[in-house]
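Please read the structure below before turning to the comments.
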Amino acid sequence: MNLTLRQAVPANISVLPTLIDASVRGLQAADYTPAQIEGALQSVYGVDSQLIADGTYYVVEAGPEPIIVGCGGWSKRKTLFGGDRWAGREDSLLNPQHDAAKIRAFFVHPNWVRRGIGSLILEACERAAAAAGFTRLEMGATLTGVPLYRARGYVALENLEVPLKNGESLAVVRMEKQLGAQNRVHDRGP
């Protein structure tokens, strides 16, 4: 299996919604009702073009004729979750000295789960955030994603209920991870 991780580019914006839709419908059905899934796809989930513009969003391609099978990223902005259409966005910059970088918008195609794609993206995000000076990461994890993040050292801080436009709410778990010394980039002084 040949997987390639790379930064997402604006040209990917047109294909990511299909991946996101397939991921949500195929992987979250055990954790959320059909109404919650529909509401989340209409108002929360989706492409966050700011992450792509910031160079902090990644895609994983597979196959001889590369297709995108996973995506995810990190953010140096205050928004905890949500794509371009999410009304709760806050795009002001974080301060690595005291803020946590945000792990954001992870989606893997259901035909490609359990192949290390989520972990591959997460490791790239952690390294990049550490290189940018962050020592802490946090996210709003879906119930479906919690086991992966827990296995990768994230701890639950609080349960949230995200209101959706269709009157439903989406349970998410705010999680955090302290970056260890192995993730930090050290300045090499004279």
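Ordered as shown in the structure tokens, chains take letters A, B, and onward, while each chain numbers its residues from 1 and ligands are numbered from 1 in the order shown.
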
Go through chain A and collect every residue that DSSP, computed from the backbone, puts in helix (DSSP H, G or I); the answer should be as an MDAnalysis selection string. chainID A and resid 10:14 16:27 34:43 49:54 110:112 117:131 146:151

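You can rank A:Thr142, A:Ser169, A:Ser75, A:Asn2 by their closest distance to Ala129 (chain A) using only C-alpha atoms, and at the top of that list sits A:Ser75.
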
Within 12 Å of Ser119 (chain A), counting only C-alpha atoms, which residues show up once you throw out same-chain ones fewer than 5 positions away? Write them as a ChimeraX atom specification, please. /A:5,60,70-73,106-108,113-114,124-126,145,147-153

Taking 4 positions as the minimum chain separation for residues in the same chain, which residues sit within 7 Å of Gln7 (chain A) when counting only C-alpha atoms? Answer as JSON, numbers by chain. {"A": [55, 57, 58, 59]}

Dump of C-alpha atoms for the selected residues, as a compact mmCIF listing (two decimals), in the first residue's frame:
```txt
# COMPACT_ATOMS: atom_id res chain seq x y z
CA GLY A 55 -0.61 25.57 4.87
CA TYR A 57 -4.02 21.02 6.18
CA TYR A 58 -2.88 17.70 4.74
CA VAL A 59 -4.21 15.06 2.41
```

Using only C-alpha atoms, which of A:Leu80, A:Leu160, A:Ala105, A:Ile37 sits nearest Leu137 (chain A)? A:Leu80

CA of Leu19 (chain A) and CA of Leu143 (chain A) are how many Å apart? 18.8 Å

For Pro34 (chain A), list every protein, DNA or RNA residue within 12 Å, evaluated using only C-alpha atoms, and leave out those in the same chain fewer than 3 positions away; present the list as a PDB file with N, CA and C atoms, in the first residue's frame.
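out.pdb was written with the following content:
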```pdb
ATOM      1  N   VAL A  24     -18.130  10.734   6.900  1.00  0.00           N
ATOM      2  CA  VAL A  24     -19.134  10.962   7.939  1.00  0.00           C
ATOM      3  C   VAL A  24     -20.251   9.922   7.860  1.00  0.00           C
ATOM      4  N   ARG A  25     -20.785   9.722   6.673  1.00  0.00           N
ATOM      5  CA  ARG A  25     -21.886   8.758   6.518  1.00  0.00           C
ATOM      6  C   ARG A  25     -21.437   7.317   6.768  1.00  0.00           C
ATOM      7  N   GLY A  26     -20.226   6.999   6.384  1.00  0.00           N
ATOM      8  CA  GLY A  26     -19.750   5.630   6.507  1.00  0.00           C
ATOM      9  C   GLY A  26     -19.187   5.268   7.868  1.00  0.00           C
ATOM     10  N   LEU A  27     -18.659   6.253   8.598  1.00  0.00           N
ATOM     11  CA  LEU A  27     -17.978   5.928   9.847  1.00  0.00           C
ATOM     12  C   LEU A  27     -18.692   6.405  11.108  1.00  0.00           C
ATOM     13  N   GLN A  28     -19.570   7.393  10.995  1.00  0.00           N
ATOM     14  CA  GLN A  28     -20.171   7.955  12.196  1.00  0.00           C
ATOM     15  C   GLN A  28     -21.575   7.433  12.503  1.00  0.00           C
ATOM     16  N   ALA A  29     -22.085   6.539  11.673  1.00  0.00           N
ATOM     17  CA  ALA A  29     -23.458   6.045  11.856  1.00  0.00           C
ATOM     18  C   ALA A  29     -23.654   5.289  13.166  1.00  0.00           C
ATOM     19  N   ALA A  30     -22.609   4.709  13.705  1.00  0.00           N
ATOM     20  CA  ALA A  30     -22.738   3.987  14.979  1.00  0.00           C
ATOM     21  C   ALA A  30     -22.781   4.939  16.176  1.00  0.00           C
ATOM     22  N   ASP A  31     -22.329   6.182  15.989  1.00  0.00           N
ATOM     23  CA  ASP A  31     -22.242   7.135  17.094  1.00  0.00           C
ATOM     24  C   ASP A  31     -23.280   8.251  17.046  1.00  0.00           C
ATOM     25  N   ILE A  37     -26.228  13.419  11.744  1.00  0.00           N
ATOM     26  CA  ILE A  37     -25.284  13.388  10.624  1.00  0.00           C
ATOM     27  C   ILE A  37     -25.678  14.404   9.562  1.00  0.00           C
ATOM     28  N   GLU A  38     -26.940  14.435   9.204  1.00  0.00           N
ATOM     29  CA  GLU A  38     -27.408  15.415   8.200  1.00  0.00           C
ATOM     30  C   GLU A  38     -27.172  16.836   8.686  1.00  0.00           C
ATOM     31  N   GLY A  39     -27.545  17.100   9.932  1.00  0.00           N
ATOM     32  CA  GLY A  39     -27.356  18.441  10.484  1.00  0.00           C
ATOM     33  C   GLY A  39     -25.904  18.850  10.527  1.00  0.00           C
ATOM     34  N   ALA A  40     -25.029  17.916  10.894  1.00  0.00           N
ATOM     35  CA  ALA A  40     -23.605  18.222  10.962  1.00  0.00           C
ATOM     36  C   ALA A  40     -23.030  18.479   9.570  1.00  0.00           C
ATOM     37  N   LEU A  41     -23.460  17.688   8.581  1.00  0.00           N
ATOM     38  CA  LEU A  41     -22.984  17.904   7.213  1.00  0.00           C
ATOM     39  C   LEU A  41     -23.467  19.242   6.659  1.00  0.00           C
ATOM     40  N   ASN A 166     -30.491  22.161  12.115  1.00  0.00           N
ATOM     41  CA  ASN A 166     -31.744  21.422  11.999  1.00  0.00           C
ATOM     42  C   ASN A 166     -32.387  21.128  13.358  1.00  0.00           C
ATOM     43  N   GLU A 168     -31.004  19.624  15.923  1.00  0.00           N
ATOM     44  CA  GLU A 168     -30.290  18.551  16.612  1.00  0.00           C
ATOM     45  C   GLU A 168     -29.036  19.126  17.267  1.00  0.00           C
ATOM     46  N   SER A 169     -28.350  18.301  18.020  1.00  0.00           N
ATOM     47  CA  SER A 169     -27.039  18.695  18.545  1.00  0.00           C
ATOM     48  C   SER A 169     -26.079  17.539  18.330  1.00  0.00           C
ATOM     49  N   LEU A 170     -24.808  17.876  18.265  1.00  0.00           N
ATOM     50  CA  LEU A 170     -23.766  16.904  17.994  1.00  0.00           C
ATOM     51  C   LEU A 170     -22.848  16.819  19.210  1.00  0.00           C
TER      52      LEU A 170
END
```

Could you name the residues that touch Pro96 (chain A) at 10 Å or less, counting only C-alpha atoms, but leaving out those on the same chain fewer than 6 positions away, as a PyMOL selection string? chain A and resi 76+129-130+132-136

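In this model, the gap between CA of Ile117 (chain A) and CA of Ser43 (chain A) comes to 25.5 Å.
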
Residue nearest Asp48 (chain A) among A:Met175, A:Ile13, A:Leu157, A:Val162 (counting only C-alpha atoms): A:Ile13

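Here CA of Leu16 (chain A) stands at a distance of 25.8 Å from CA of Gly167 (chain A).
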
Report as a ChimeraX atom specification: the residues of chain A with a DSSP assignment of strand (DSSP E), based on the backbone of this structure. /A:3-7,57-62,67-75,101-108,136-142,155-163,169-178

I'd like the contact shell of Ala156 (chain A) - 10 Å cut-off, only C-alpha atoms, skipping same-chain residues fewer than 5 positions apart - returned as a ChimeraX atom specification. /A:138-141,146,149-150,173-177

Export, as a PDB file, in the first residue's frame, the selected residues with C-alpha atoms.
```
ATOM      1  CA  GLU A 138      -6.526  20.477  21.644  1.00  0.00           C
ATOM      2  CA  MET A 139      -9.468  19.423  19.531  1.00  0.00           C
ATOM      3  CA  GLY A 140     -13.195  18.937  19.410  1.00  0.00           C
ATOM      4  CA  ALA A 141     -13.253  15.188  18.671  1.00  0.00           C
ATOM      5  CA  VAL A 146     -12.146   9.621  20.421  1.00  0.00           C
ATOM      6  CA  TYR A 149      -7.005  10.293  19.828  1.00  0.00           C
ATOM      7  CA  ARG A 150      -7.037   8.572  23.230  1.00  0.00           C
ATOM      8  CA  VAL A 173     -15.330  15.745  23.248  1.00  0.00           C
ATOM      9  CA  ARG A 174     -12.818  18.509  23.808  1.00  0.00           C
ATOM     10  CA  MET A 175      -9.469  16.723  24.144  1.00  0.00           C
ATOM     11  CA  GLU A 176      -5.936  17.873  24.847  1.00  0.00           C
ATOM     12  CA  LYS A 177      -2.363  16.643  24.587  1.00  0.00           C
TER      13      LYS A 177
END
```

Which residue out of A:Leu3, A:Val172, A:Ala101, A:Leu179 has the minimum interatomic distance to Gly63 (chain A) when only C-alpha atoms are used? A:Leu3

Residue nearest Ala100 (chain A) - candidates A:Val44, A:Gln36, A:Pro64, A:Lys78, atoms counted: only C-alpha atoms: A:Lys78
